[in-house]
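This report concerns only the one structure given below.
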Amino acid sequence: MSHGKHKAKHMMHFFLKSFLISLVLIIIACICNAFTFGWQSAFAENLYGLDADEYAGVLMIVMGIWKILIVQFTLVPAIAAFFVAKHIEKHADDDDQNCGCGC
C-alpha cells in the first residue's frame, strides 16, 4: 500500500470515528434535554428571564449548529478521504503521468 493511500485510509478512519463519537454525544444530549426540559426551562427563566418557548428556540438553534458542525468537520472530511484513497488506488498502477482525470 502506498504512503498516500495509507495516510488517506488513516484519515478516513479517524474522521469516521470522530463522527460516530459526536453522533453518540448529540443523541445523549437530545435524550437528556427531552427528559429534563422542564427543569432546564425553569432554570433559564430564573437565570436569564427566558420563558419556555424562548428557551426551546435557543436550544433548537444550538443543537442545529452542533449538528451542522459535526457533519462539516467530521463526516465531510471522512467522505473526502475515502474518495482520495479510491483515487490513489485507481492510479497506483498507472505509469502514465497524464491519466486524464486532472490529477
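Ordered as shown in the C-alpha cells, chains take letters A, B, and onward, while each chain numbers its residues from 1 and ligands are numbered from 1 in the order shown.
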
Would you mind listing, for every residue of range 64-95 of chain A within 10 Å of range 12-19 of chain A, the two atoms forming the shortest contact and the distance between them in Å to one decimal, using only C-alpha atoms, sorted by chain and ascending residue number, as a Markdown table?
```
| residue | atom | partner | partner_atom | distance |
| --- | --- | --- | --- | --- |
| A:Ile70 | CA | A:Phe19 | CA | 6.6 |
| A:Val71 | CA | A:Phe19 | CA | 7.4 |
| A:Gln72 | CA | A:Phe19 | CA | 9.8 |
| A:Phe73 | CA | A:Phe15 | CA | 8.2 |
| A:Thr74 | CA | A:Phe15 | CA | 5.1 |
| A:Leu75 | CA | A:Phe19 | CA | 5.9 |
| A:Val76 | CA | A:Phe15 | CA | 8.6 |
| A:Pro77 | CA | A:Phe15 | CA | 6.5 |
| A:Ala78 | CA | A:Met12 | CA | 4.5 |
| A:Ile79 | CA | A:Met12 | CA | 7.2 |
| A:Ala80 | CA | A:Met12 | CA | 7.9 |
| A:Ala81 | CA | A:Met12 | CA | 5.1 |
| A:Phe82 | CA | A:Met12 | CA | 5.9 |
| A:Phe83 | CA | A:Met12 | CA | 9.4 |
| A:Val84 | CA | A:Met12 | CA | 9.4 |
| A:Ala85 | CA | A:Met12 | CA | 8.7 |
```

query = Near range 54-57 of chain A, counting only C-alpha atoms, which residues have an atom at most 12 Å away, once you skip same-chain residues fewer than 6 positions from it, shown as a PyMOL selection string?
reply = chain A and resi 33-34+37-48+63-64

Put those residues in a file: C-alpha atoms, as an mmCIF file, in the first residue's frame.
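Resulting contents of part-v2.cif:
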```cif
data_model
loop_
_atom_site.group_PDB
_atom_site.id
_atom_site.type_symbol
_atom_site.label_atom_id
_atom_site.label_comp_id
_atom_site.auth_asym_id
_atom_site.auth_seq_id
_atom_site.Cartn_x
_atom_site.Cartn_y
_atom_site.Cartn_z
ATOM 1 C CA ASN A 33 -32.833 17.552 27.010
ATOM 2 C CA ALA A 34 -36.062 15.654 26.389
ATOM 3 C CA PHE A 37 -36.592 20.214 29.608
ATOM 4 C CA GLY A 38 -38.948 21.432 32.336
ATOM 5 C CA TRP A 39 -36.116 21.811 34.829
ATOM 6 C CA GLN A 40 -33.877 23.469 32.224
ATOM 7 C CA SER A 41 -36.548 25.951 31.135
ATOM 8 C CA ALA A 42 -37.285 26.881 34.754
ATOM 9 C CA PHE A 43 -33.573 27.397 35.345
ATOM 10 C CA ALA A 44 -33.287 29.541 32.177
ATOM 11 C CA GLU A 45 -36.296 31.575 33.298
ATOM 12 C CA ASN A 46 -34.765 32.289 36.684
ATOM 13 C CA LEU A 47 -31.274 32.933 35.332
ATOM 14 C CA TYR A 48 -31.896 34.716 32.015
ATOM 15 C CA MET A 63 -28.492 21.756 18.633
ATOM 16 C CA GLY A 64 -28.857 22.642 14.946
#
```

inquiry  = For the structure I just gave you, how does DSSP split range 28-100 of chain A - specifically, which residues are alpha helix (DSSP H)? Reply as a PyMOL selection string.
reply    = chain A and resi 28-35+37-48+52-70+76-90

task = Name all residues at most 9 Å from Lys5 in chain A (count only C-alpha atoms; drop same-chain ones fewer than 5 positions away) and give them as a list in words.
result =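 Here the answer would be His10, Val84, Ala85, Lys86, His87, Ile88 and Glu89 of chain A.
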
inquiry  = Restricting the calculation to only C-alpha atoms: of A:Asp53, A:His3, A:Ile26, A:Leu20, which residue gets closest to Ile65 in chain A?
reply    =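 Using only C-alpha atoms, the shortest distance to Ile65 in chain A belongs to A:Ile26.
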
key: Point-to-point distance in Å for CA of Cys30 in chain A and CA of Val62 in chain A   = 11.3 Å

message = Under the rule that only C-alpha atoms are counted, which of A:Val58, A:Lys7, A:Ala52, A:Ile68 is the nearest residue to Leu23 in chain A?
response = A:Ile68
